[in-house]
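K.L.:
This is data-v2.csv (CSV, C-alpha atoms).
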```csv
chain,number,residue,atom,x,y,z
A,14,MET,CA,49.8,-45.3,-40.9
A,15,TYR,CA,46.4,-43.7,-41.6
A,16,ARG,CA,45.3,-44.2,-38.0
A,17,SER,CA,48.5,-42.6,-36.7
A,18,LYS,CA,48.1,-39.6,-38.9
A,19,LYS,CA,44.5,-39.2,-37.8
A,20,LEU,CA,45.4,-39.5,-34.1
A,21,ALA,CA,48.2,-36.9,-34.5
A,22,ALA,CA,45.8,-34.5,-36.2
A,23,CYS,CA,43.3,-34.8,-33.3
A,24,VAL,CA,46.0,-34.2,-30.8
A,25,TRP,CA,47.3,-31.1,-32.6
A,26,GLY,CA,43.7,-29.8,-33.1
A,27,ALA,CA,42.9,-30.2,-29.4
A,28,ALA,CA,46.2,-28.4,-28.5
A,29,ALA,CA,45.4,-25.6,-30.8
A,30,SER,CA,42.0,-25.2,-29.3
A,31,LEU,CA,43.4,-25.0,-25.8
A,32,VAL,CA,46.0,-22.4,-26.9
A,33,ALA,CA,43.3,-20.3,-28.5
A,34,LEU,CA,41.1,-20.6,-25.4
A,35,TYR,CA,43.7,-19.4,-23.0
A,36,ALA,CA,45.2,-16.8,-25.3
A,37,ALA,CA,41.9,-15.1,-26.0
A,38,PRO,CA,41.1,-12.1,-23.7
A,39,THR,CA,38.4,-12.8,-21.2
A,40,ALA,CA,35.9,-10.0,-20.9
A,41,ALA,CA,33.0,-10.2,-18.5
A,42,ALA,CA,29.9,-10.5,-20.6
A,43,GLU,CA,27.1,-8.0,-20.1
A,44,PRO,CA,24.2,-9.7,-18.2
A,45,THR,CA,21.2,-10.6,-20.3
A,46,PHE,CA,17.7,-10.1,-19.0
A,47,ALA,CA,16.3,-13.6,-19.8
A,48,THR,CA,19.1,-15.6,-18.4
A,49,ASP,CA,20.6,-13.4,-15.7
A,50,VAL,CA,18.0,-10.9,-14.4
A,51,TRP,CA,14.6,-12.5,-14.9
A,52,PRO,CA,15.5,-15.6,-12.7
A,53,ILE,CA,16.3,-13.2,-9.8
A,54,LEU,CA,13.1,-11.2,-10.2
A,55,GLU,CA,11.0,-14.4,-10.6
A,56,ALA,CA,12.3,-16.0,-7.5
A,57,ASN,CA,12.3,-12.9,-5.2
A,58,CYS,CA,9.8,-10.3,-6.5
A,59,ILE,CA,6.9,-11.7,-8.5
A,60,ASN,CA,5.0,-12.9,-5.5
A,61,CYS,CA,4.3,-9.3,-4.6
A,62,HIS,CA,4.8,-7.7,-8.1
A,63,GLY,CA,3.2,-10.2,-10.4
A,64,PRO,CA,-0.3,-10.4,-12.1
A,65,ASP,CA,-3.5,-9.8,-10.1
A,66,ARG,CA,-4.7,-13.0,-8.5
A,67,LYS,CA,-7.2,-14.3,-6.0
A,68,ASP,CA,-6.0,-15.7,-2.6
A,69,SER,CA,-7.3,-18.8,-0.8
A,70,ARG,CA,-10.3,-16.8,0.4
A,71,GLY,CA,-11.3,-15.5,-3.0
A,72,ARG,CA,-10.0,-12.0,-2.4
A,73,LEU,CA,-8.4,-10.2,-5.3
A,74,ARG,CA,-4.7,-9.4,-4.7
A,75,LYS,CA,-3.2,-6.8,-6.9
A,76,ALA,CA,0.5,-6.0,-7.5
A,77,LYS,CA,1.9,-3.9,-4.6
A,78,ALA,CA,2.2,-0.2,-5.4
A,79,GLY,CA,0.8,-1.0,-8.8
A,80,LEU,CA,4.2,-2.3,-9.8
A,81,ARG,CA,4.5,-5.5,-12.0
A,82,LEU,CA,7.8,-7.0,-12.9
A,83,ASP,CA,6.6,-9.9,-15.0
A,84,GLY,CA,6.6,-8.1,-18.4
A,85,LYS,CA,8.8,-5.6,-20.3
A,86,GLY,CA,6.0,-3.1,-20.6
A,87,HIS,CA,5.1,-3.3,-17.0
A,88,ILE,CA,8.7,-2.9,-15.8
A,89,LEU,CA,9.2,0.2,-18.0
A,90,ALA,CA,5.8,1.7,-17.0
A,91,GLY,CA,6.9,1.6,-13.3
A,92,SER,CA,4.6,1.9,-10.3
A,93,ARG,CA,1.7,4.1,-9.4
A,94,ALA,CA,4.0,6.7,-7.9
A,95,THR,CA,7.0,6.8,-10.4
A,96,SER,CA,8.2,5.7,-13.8
A,97,THR,CA,11.8,5.6,-12.6
A,98,VAL,CA,11.7,2.0,-11.4
A,99,VAL,CA,14.1,1.2,-14.1
A,100,VAL,CA,16.0,4.0,-15.8
A,101,PRO,CA,17.9,2.5,-18.7
A,102,GLY,CA,21.6,3.4,-18.5
A,103,ASP,CA,21.4,4.8,-15.0
A,104,ALA,CA,21.1,2.4,-12.2
A,105,ALA,CA,21.7,5.1,-9.5
A,106,LYS,CA,18.4,6.7,-10.5
A,107,SER,CA,16.5,3.4,-10.8
A,108,MET,CA,14.1,2.9,-7.8
A,109,LEU,CA,14.6,-0.9,-8.2
A,110,VAL,CA,18.3,-0.7,-7.4
A,111,GLN,CA,17.7,1.8,-4.6
A,112,LEU,CA,15.3,-0.5,-2.8
A,113,ILE,CA,17.2,-3.7,-3.2
A,114,SER,CA,20.4,-2.0,-2.0
A,115,LEU,CA,19.0,-0.6,1.3
A,116,PRO,CA,20.6,-1.9,4.6
A,117,HIS,CA,19.1,-5.2,5.6
A,118,ASP,CA,17.4,-3.8,8.7
A,119,ASP,CA,15.8,-0.9,6.7
A,120,GLU,CA,12.0,-1.0,6.8
A,121,GLU,CA,11.7,-0.3,3.1
A,122,ILE,CA,14.2,-2.9,1.7
A,123,MET,CA,13.0,-5.1,-1.1
A,124,PRO,CA,12.1,-7.9,-0.9
A,125,PRO,CA,10.5,-7.2,2.5
A,126,LYS,CA,10.4,-10.8,3.5
A,127,GLY,CA,12.9,-13.6,3.3
A,128,GLU,CA,16.6,-13.1,2.6
A,129,PRO,CA,17.7,-9.9,1.0
A,130,LEU,CA,19.3,-10.2,-2.5
A,131,THR,CA,23.0,-11.1,-2.5
A,132,LYS,CA,25.7,-8.6,-3.5
A,133,ALA,CA,26.1,-10.7,-6.7
A,134,GLN,CA,22.4,-10.5,-7.5
A,135,ILE,CA,22.3,-6.7,-6.9
A,136,ALA,CA,25.5,-6.3,-9.0
A,137,THR,CA,23.8,-8.2,-11.9
A,138,ILE,CA,20.7,-6.0,-11.9
A,139,THR,CA,22.8,-2.9,-11.5
A,140,LYS,CA,25.1,-3.8,-14.4
A,141,TRP,CA,22.1,-4.8,-16.6
A,142,ILE,CA,20.5,-1.4,-16.1
A,143,ASP,CA,23.7,0.6,-16.5
A,144,SER,CA,24.4,-1.2,-19.8
A,145,GLY,CA,21.1,0.0,-21.2
A,146,ALA,CA,18.4,-2.4,-19.6
A,147,ASP,CA,18.1,-4.4,-22.9
A,148,PHE,CA,15.4,-7.0,-22.7
A,149,GLY,CA,16.5,-8.8,-25.9
A,150,LYS,CA,13.7,-10.9,-27.2
A,151,TRP,CA,12.1,-11.3,-23.8
A,152,GLN,CA,8.6,-9.7,-23.5
A,153,GLY,CA,6.9,-11.5,-20.6
A,154,ALA,CA,3.3,-10.6,-19.7
A,155,ALA,CA,1.6,-8.3,-22.1
A,156,GLY,CA,0.5,-4.8,-21.0
A,157,GLY,CA,2.0,-2.0,-19.1
A,158,LYS,CA,1.6,1.3,-21.0
A,159,VAL,CA,4.9,3.2,-20.9
A,160,PRO,CA,4.2,6.9,-20.2
A,161,ALA,CA,5.9,9.5,-22.3
A,162,GLY,CA,9.4,10.3,-20.9
A,163,ALA,CA,9.5,7.2,-18.8
A,164,GLY,CA,13.0,6.6,-17.5
A,165,ALA,CA,14.0,10.2,-17.5
A,166,GLY,CA,13.0,10.9,-13.9
A,167,GLU,CA,15.3,12.4,-11.3
A,168,GLY,CA,15.5,9.8,-8.6
A,169,PRO,CA,13.4,8.8,-5.6
A,170,LYS,CA,9.7,9.6,-5.8
A,171,THR,CA,8.1,7.6,-3.0
A,172,SER,CA,8.1,7.6,0.9
A,173,LEU,CA,11.5,7.5,2.5
A,174,GLN,CA,13.4,7.7,-0.8
A,175,LYS,CA,11.4,10.9,-1.6
A,176,ILE,CA,12.3,12.3,1.8
A,177,TYR,CA,16.0,11.6,1.3
A,178,GLY,CA,15.9,13.1,-2.1
A,179,GLU,CA,14.4,16.4,-0.8
A,180,VAL,CA,16.7,16.6,2.3
A,181,GLY,CA,19.8,16.0,0.2
A,182,LYS,CA,18.9,18.3,-2.7
A,183,GLY,CA,21.8,20.5,-3.6
A,184,LEU,CA,24.2,18.9,-1.1
A,185,GLU,CA,27.6,18.0,-2.4
A,186,PRO,CA,28.9,14.5,-1.4
A,187,LEU,CA,31.9,14.2,0.8
A,188,GLU,CA,35.2,12.9,-0.6
A,189,ALA,CA,35.9,9.2,-0.1
A,190,ALA,CA,38.9,10.1,2.1
A,191,GLN,CA,36.6,11.9,4.6
A,192,LEU,CA,34.6,8.7,5.1
A,193,GLN,CA,37.6,6.6,6.1
A,194,GLY,CA,38.5,5.8,9.8
A,195,VAL,CA,35.5,7.8,11.2
A,196,CYS,CA,35.4,7.8,15.0
A,197,GLY,CA,38.6,5.8,15.2
A,198,GLY,CA,37.5,3.3,12.7
A,199,LEU,CA,34.5,2.2,14.8
A,200,ALA,CA,31.8,3.8,12.6
A,201,ARG,CA,30.3,2.2,9.6
A,202,VAL,CA,29.5,5.0,7.1
A,203,GLU,CA,27.5,4.4,3.9
A,204,ALA,CA,25.2,6.4,1.6
A,205,VAL,CA,21.5,6.1,2.6
A,206,LEU,CA,20.8,5.4,-1.1
A,207,PRO,CA,23.0,4.7,-4.0
A,208,GLY,CA,24.3,8.0,-5.3
A,209,SER,CA,22.9,10.0,-2.4
A,210,PRO,CA,25.2,12.6,-0.6
A,211,LEU,CA,23.4,11.7,2.7
A,212,LEU,CA,24.9,9.2,5.0
A,213,ARG,CA,23.9,6.5,7.3
A,214,VAL,CA,26.2,5.9,10.3
A,215,SER,CA,26.1,2.9,12.7
A,216,PHE,CA,28.4,1.2,15.2
A,217,SER,CA,27.5,-2.4,15.0
A,218,SER,CA,29.7,-4.7,17.2
A,219,HIS,CA,31.4,-1.6,18.8
A,220,GLU,CA,28.6,-0.2,20.9
A,221,LYS,CA,30.5,-0.4,24.3
A,222,GLU,CA,33.5,1.5,22.8
A,223,VAL,CA,31.5,4.5,21.6
A,224,THR,CA,31.6,7.2,24.2
A,225,ASP,CA,30.8,10.9,24.1
A,226,ASP,CA,34.4,11.6,23.2
A,227,VAL,CA,34.4,9.0,20.4
A,228,LEU,CA,31.2,10.3,18.9
A,229,ARG,CA,32.8,13.7,18.4
A,230,GLY,CA,34.5,12.1,15.4
A,231,LEU,CA,31.2,12.7,13.6
A,232,VAL,CA,31.6,16.5,13.7
A,233,PRO,CA,33.1,16.7,10.1
A,234,LEU,CA,30.2,14.7,8.8
A,235,ARG,CA,27.3,16.3,10.7
A,236,GLY,CA,25.9,18.2,7.7
A,237,HIS,CA,25.6,14.9,5.8
A,238,VAL,CA,24.3,12.5,8.4
A,239,ALA,CA,20.6,11.5,7.8
A,240,HIS,CA,20.3,8.1,9.5
A,241,LEU,CA,22.2,7.7,12.8
A,242,ASP,CA,22.0,4.4,14.7
A,243,LEU,CA,23.3,4.9,18.2
A,244,GLY,CA,21.4,2.0,19.9
A,245,ARG,CA,23.1,0.7,23.0
A,246,VAL,CA,26.2,2.8,22.6
A,247,ALA,CA,27.9,4.3,25.8
A,248,ILE,CA,26.9,8.0,25.2
A,249,THR,CA,25.2,10.3,27.7
A,250,ASP,CA,23.3,13.6,27.5
A,251,LYS,CA,26.7,15.3,26.6
A,252,SER,CA,26.3,14.1,23.0
A,253,LEU,CA,22.8,15.6,22.5
A,254,GLN,CA,24.3,19.0,21.5
A,255,LEU,CA,26.3,17.3,18.8
A,256,LEU,CA,23.2,15.5,17.6
A,257,ALA,CA,21.2,18.7,17.6
A,258,SER,CA,23.8,20.3,15.3
A,259,MET,CA,22.9,17.8,12.5
A,260,PRO,CA,20.4,19.6,10.3
A,261,ARG,CA,19.6,16.7,8.0
A,262,LEU,CA,18.8,14.0,10.5
A,263,VAL,CA,15.8,12.0,9.3
A,264,ARG,CA,16.1,8.9,11.5
A,265,LEU,CA,17.8,8.7,14.9
A,266,ASP,CA,18.1,5.7,17.1
A,267,LEU,CA,19.0,6.3,20.8
A,268,GLN,CA,17.5,3.2,22.4
A,269,TRP,CA,19.1,1.8,25.5
A,270,THR,CA,21.5,4.7,25.9
A,271,ALA,CA,22.0,7.0,29.0
A,272,VAL,CA,20.1,9.8,27.3
A,273,SER,CA,17.6,11.3,29.8
A,274,GLY,CA,14.4,13.4,29.8
A,275,PRO,CA,16.1,16.5,31.4
A,276,GLY,CA,18.9,16.2,28.8
A,277,LEU,CA,16.4,16.2,25.9
A,278,VAL,CA,14.5,19.1,27.4
A,279,ALA,CA,17.6,21.2,27.8
A,280,THR,CA,18.7,20.4,24.3
A,281,LEU,CA,15.4,20.9,22.5
A,282,THR,CA,14.3,24.1,24.2
A,283,PRO,CA,17.0,26.6,23.0
A,284,GLU,CA,16.5,30.2,22.0
A,285,PRO,CA,13.4,30.8,19.9
A,286,SER,CA,15.4,31.4,16.8
A,287,ALA,CA,16.9,27.9,16.8
A,288,ALA,CA,15.3,25.2,14.7
A,289,LEU,CA,16.5,21.7,15.7
A,290,TRP,CA,15.7,18.3,14.1
A,291,THR,CA,13.4,19.9,11.6
A,292,GLN,CA,13.8,16.9,9.2
A,293,LEU,CA,13.5,14.2,11.8
A,294,ILE,CA,10.7,11.6,11.1
A,295,SER,CA,11.7,8.7,13.3
A,296,LEU,CA,13.1,8.8,16.9
A,297,ASN,CA,13.7,5.7,19.0
A,298,LEU,CA,14.1,6.3,22.7
A,299,ASN,CA,13.2,2.8,24.0
A,300,GLY,CA,14.9,2.0,27.2
A,301,THR,CA,16.1,5.5,28.0
A,302,LYS,CA,15.2,7.8,30.9
A,303,THR,CA,12.9,9.9,28.7
A,304,ASN,CA,10.2,11.4,30.9
A,305,ASP,CA,6.9,13.2,30.5
A,306,ALA,CA,8.6,16.6,30.4
A,307,ALA,CA,10.6,15.6,27.3
A,308,LEU,CA,7.4,15.0,25.3
A,309,VAL,CA,6.7,18.7,25.3
A,310,PRO,CA,9.6,19.7,23.0
A,311,LEU,CA,9.3,16.5,21.1
A,312,GLN,CA,5.7,17.4,20.2
A,313,LYS,CA,7.0,20.4,18.4
A,314,LEU,CA,9.3,18.6,16.0
A,315,PRO,CA,7.5,19.4,12.7
A,316,LYS,CA,8.0,16.3,10.7
A,317,LEU,CA,8.1,13.6,13.4
A,318,GLN,CA,6.0,10.6,12.4
A,319,HIS,CA,7.3,7.8,14.6
A,320,LEU,CA,8.3,7.9,18.3
A,321,TYR,CA,9.4,4.8,20.3
A,322,ILE,CA,9.2,5.2,24.0
A,323,TRP,CA,8.9,1.6,25.3
A,324,ASP,CA,10.3,0.8,28.7
A,325,THR,CA,10.7,4.5,29.7
A,326,PRO,CA,9.4,6.5,32.7
A,327,VAL,CA,6.8,8.2,30.4
A,328,THR,CA,3.3,7.8,31.8
A,329,VAL,CA,0.3,6.7,29.9
A,330,GLU,CA,-1.4,10.0,30.5
A,331,ALA,CA,1.5,11.9,28.9
A,332,SER,CA,1.7,9.6,25.9
A,333,ASP,CA,-2.1,10.0,25.5
A,334,ALA,CA,-1.8,13.7,25.6
A,335,LEU,CA,0.9,13.6,22.9
A,336,ARG,CA,-1.3,11.4,20.7
A,337,LYS,CA,-4.2,13.9,21.1
A,338,ALA,CA,-1.9,16.9,20.3
A,339,ARG,CA,-0.4,15.1,17.3
A,340,PRO,CA,-3.0,12.6,15.9
A,341,LYS,CA,-0.8,11.6,13.0
A,342,LEU,CA,2.2,10.9,15.1
A,343,ARG,CA,2.6,7.1,15.8
A,344,VAL,CA,3.6,6.7,19.4
A,345,ARG,CA,4.8,3.2,20.5
A,346,HIS,CA,4.6,3.3,24.3
A,347,GLN,CA,2.8,0.5,26.1
A,348,LEU,CA,0.9,-2.6,25.0
A,349,ARG,CA,-2.7,-2.1,26.0
A,350,LEU,CA,-4.7,-5.1,27.0
A,351,PRO,CA,-8.4,-5.1,27.6
A,352,ALA,CA,-9.5,-4.9,31.2
A,353,PRO,CA,-10.3,-8.4,32.8
A,354,ALA,CA,-14.0,-9.3,32.7
A,355,PRO,CA,-15.8,-9.1,36.1
A,356,GLU,CA,-15.9,-12.3,37.9
A,357,GLY,CA,-18.8,-14.4,36.8
A,358,ALA,CA,-19.2,-12.6,33.5
A,359,ARG,CA,-19.9,-14.8,30.5
A,360,ASP,CA,-17.8,-14.8,27.3
A,361,GLY,CA,-20.7,-15.8,25.2
A,362,PRO,CA,-24.2,-17.1,25.2
A,363,ARG,CA,-25.0,-19.8,27.8
A,364,ARG,CA,-25.2,-23.3,26.3
A,365,ARG,CA,-28.3,-25.4,26.9
A,366,ASN,CA,-28.1,-28.8,28.4
A,367,GLY,CA,-29.9,-31.8,27.0
```
When written as structure tokens, how does the structure in this file appear?
P.N.:
Amino acid sequence: MYRSKKLAACVWGAAASLVALYAAPTAAAEPTFATDVWPILEANCINCHGPDRKDSRGRLRKAKAGLRLDGKGHILAGSRATSTVVVPGDAAKSMLVQLISLPHDDEEIMPPKGEPLTKAQIATITKWIDSGADFGKWQGAAGGKVPAGAGAGEGPKTSLQKIYGEVGKGLEPLEAAQLQGVCGGLARVEAVLPGSPLLRVSFSSHEKEVTDDVLRGLVPLRGHVAHLDLGRVAITDKSLQLLASMPRLVRLDLQWTAVSGPGLVATLTPEPSAALWTQLISLNLNGTKTNDAALVPLQKLPKLQHLYIWDTPVTVEASDALRKARPKLRVRHQLRLPAPAPEGARDGPRRRNG
């Protein structure tokens, strides 16, 4: 009898536990730094943003950009350029979230090598910051003086993020409904950075379907487009006037399109009062019919830093002249190999026999 009562009590106890388990509301727990966030940083970021160390040749390797992510003080101190790497309570202003959320082909995405962070990993870090960036008892490596007012910055402070911040200043974001079905649903439209009103537009997997007429679907967005990827789409010079009407273009990819040198010249040499592509820093014209004449108006683009003209009719003389006129402009034109050595010339000292 005793054993029967004990068995019944166990059964009822287990049943009560199950009822309590399934009846209790299930709320997603806030991520904790030590168990949820630190393993992501340790596996993907510490190789570049850890303590100073010596490499195999004995050279001192310091944390990139002066940013260490291996201690609470270091994380809150930020990098050499900004203290807004982590802004507690505001992931949208946190440089860490901005960099890990960039498109996978962006040259500034973090981590720069290997696989990008997954959506789940990004969501974990974002939620941790938005919930206050509480480190709990975790301290990590000592050091990292936190400057006064750290975490109160106003967004991007370095390189491309700083540029986007300046270009988009004061611009109101478009409504979500305006970003749906753009160009017949062929366009992928997304913010260049989390919280930015500026847009990146691309047509991955639909290149052959994007004609001049289709591209006119970008007219309602033209004041917000900052990064436009038109590589290999089926547009012609007819679309250049539309592109010239985009005042906030920062990066433009036209590689392997039917855009031509005469078309660029006609578009970029308007009346003296017009100012076109004043924000453009990167222009890809690889594989187009860009010619020497087109380099003249391109030379006048005030902020242009990168120009790609591989596999075009542009001559070496013209690209050299452009480099001379704009020494800080990086022109990718032709691979230059050293001239072959004269026949009979020696590569090194003659070896002695015997």
K.L.:
Using only C-alpha atoms, which residues sit within 9 Å of Arg93 in chain A once same-chain residues fewer than 4 positions away are excluded, as a short mmCIF file (atom, residue, chain, number, x, y, z; two decimals) with C-alpha atoms, keeping the file's coordinate frame?
P.N.:
```
data_model
loop_
_atom_site.label_atom_id
_atom_site.label_comp_id
_atom_site.auth_asym_id
_atom_site.auth_seq_id
_atom_site.Cartn_x
_atom_site.Cartn_y
_atom_site.Cartn_z
CA ALA A 78 2.20 -0.20 -5.40
CA GLY A 79 0.80 -1.00 -8.80
CA LEU A 80 4.20 -2.30 -9.80
#
```
K.L.:
Write out as a list in words each polymer residue whose atoms come within 12 Å of His87 in chain A, counting only C-alpha atoms; drop sequence neighbours fewer than 3 positions from it.
P.N.:
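Using only C-alpha atoms, the neighbours found are His62, Gly63, Pro64, Ala76, Gly79, Leu80, Arg81, Leu82, Asp83, Gly84, Ala90, Gly91, Ser92, Arg93, Ser96, Thr97, Val98, Val99, Gln152, Gly153, Ala154, Ala155, Gly156, Gly157, Lys158, Val159, Pro160 and Ala163 of chain A.
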K.L.:
Put those residues in a file: C-alpha atoms, as a PDB file, in the frame of the given file.
P.N.:
```
ATOM      1  CA  HIS A  62       4.800  -7.700  -8.100  1.00  0.00           C
ATOM      2  CA  GLY A  63       3.200 -10.200 -10.400  1.00  0.00           C
ATOM      3  CA  PRO A  64      -0.300 -10.400 -12.100  1.00  0.00           C
ATOM      4  CA  ALA A  76       0.500  -6.000  -7.500  1.00  0.00           C
ATOM      5  CA  GLY A  79       0.800  -1.000  -8.800  1.00  0.00           C
ATOM      6  CA  LEU A  80       4.200  -2.300  -9.800  1.00  0.00           C
ATOM      7  CA  ARG A  81       4.500  -5.500 -12.000  1.00  0.00           C
ATOM      8  CA  LEU A  82       7.800  -7.000 -12.900  1.00  0.00           C
ATOM      9  CA  ASP A  83       6.600  -9.900 -15.000  1.00  0.00           C
ATOM     10  CA  GLY A  84       6.600  -8.100 -18.400  1.00  0.00           C
ATOM     11  CA  ALA A  90       5.800   1.700 -17.000  1.00  0.00           C
ATOM     12  CA  GLY A  91       6.900   1.600 -13.300  1.00  0.00           C
ATOM     13  CA  SER A  92       4.600   1.900 -10.300  1.00  0.00           C
ATOM     14  CA  ARG A  93       1.700   4.100  -9.400  1.00  0.00           C
ATOM     15  CA  SER A  96       8.200   5.700 -13.800  1.00  0.00           C
ATOM     16  CA  THR A  97      11.800   5.600 -12.600  1.00  0.00           C
ATOM     17  CA  VAL A  98      11.700   2.000 -11.400  1.00  0.00           C
ATOM     18  CA  VAL A  99      14.100   1.200 -14.100  1.00  0.00           C
ATOM     19  CA  GLN A 152       8.600  -9.700 -23.500  1.00  0.00           C
ATOM     20  CA  GLY A 153       6.900 -11.500 -20.600  1.00  0.00           C
ATOM     21  CA  ALA A 154       3.300 -10.600 -19.700  1.00  0.00           C
ATOM     22  CA  ALA A 155       1.600  -8.300 -22.100  1.00  0.00           C
ATOM     23  CA  GLY A 156       0.500  -4.800 -21.000  1.00  0.00           C
ATOM     24  CA  GLY A 157       2.000  -2.000 -19.100  1.00  0.00           C
ATOM     25  CA  LYS A 158       1.600   1.300 -21.000  1.00  0.00           C
ATOM     26  CA  VAL A 159       4.900   3.200 -20.900  1.00  0.00           C
ATOM     27  CA  PRO A 160       4.200   6.900 -20.200  1.00  0.00           C
ATOM     28  CA  ALA A 163       9.500   7.200 -18.800  1.00  0.00           C
TER      29      ALA A 163
END
```
K.L.:
Quick one: distance from CA of Ala288 in chain A to CA of Leu317 in chain A in Å, one decimal?
P.N.:
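According to the coordinates, CA of Ala288 in chain A and CA of Leu317 in chain A are separated by 13.7 Å.
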K.L.:
Between A:Gly244, A:Pro233, A:Pro283, A:Gly181, which one has atoms that come closest to Ala257 in chain A, using only C-alpha atoms?
P.N.:
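That would be A:Pro283, the residue with the smallest distance to Ala257 in chain A.
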K.L.:
Step by step: start from the point (21.9, 8.7, 11.5) in the file's coordinates, keep every protein, DNA or RNA residue that has an atom no farther than 10 Å from it, count only C-alpha atoms, and write the set as a ChimeraX atom specification.
P.N.:
/A:202,205,211-215,235,237-243,256,259,261-266
K.L.:
Using only C-alpha atoms, which of A:Lys85, A:Lys313, A:Arg72, A:Lys221 sits nearest Gly149 in chain A?
P.N.:
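Among the listed residues, A:Lys85 lies closest to Gly149 in chain A.
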K.L.:
Would you please work out which residue, of A:Thr301, A:Ser295, A:Gln268, A:Ser144, is nearest to Val344 in chain A when using all atoms listed in the file?
P.N.:
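Selected residue with least distance to Val344 in chain A: A:Ser295.
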K.L.:
Measure the distance from CA of Val246 in chain A to CA of His117 in chain A in Å and round it to one decimal.
P.N.:
20.1 Å
K.L.:
What's around Leu298 in chain A at 12 Å? Count all atoms listed in the file, leave out sequence neighbours fewer than 4 positions away in its own chain, and write the answer as JSON, numbers by chain.
P.N.:
{"A": [242, 243, 244, 245, 264, 265, 266, 267, 268, 269, 270, 271, 272, 273, 274, 277, 302, 303, 304, 307, 308, 311, 319, 320, 321, 322, 323, 324, 325, 326, 327, 344, 345, 346]}
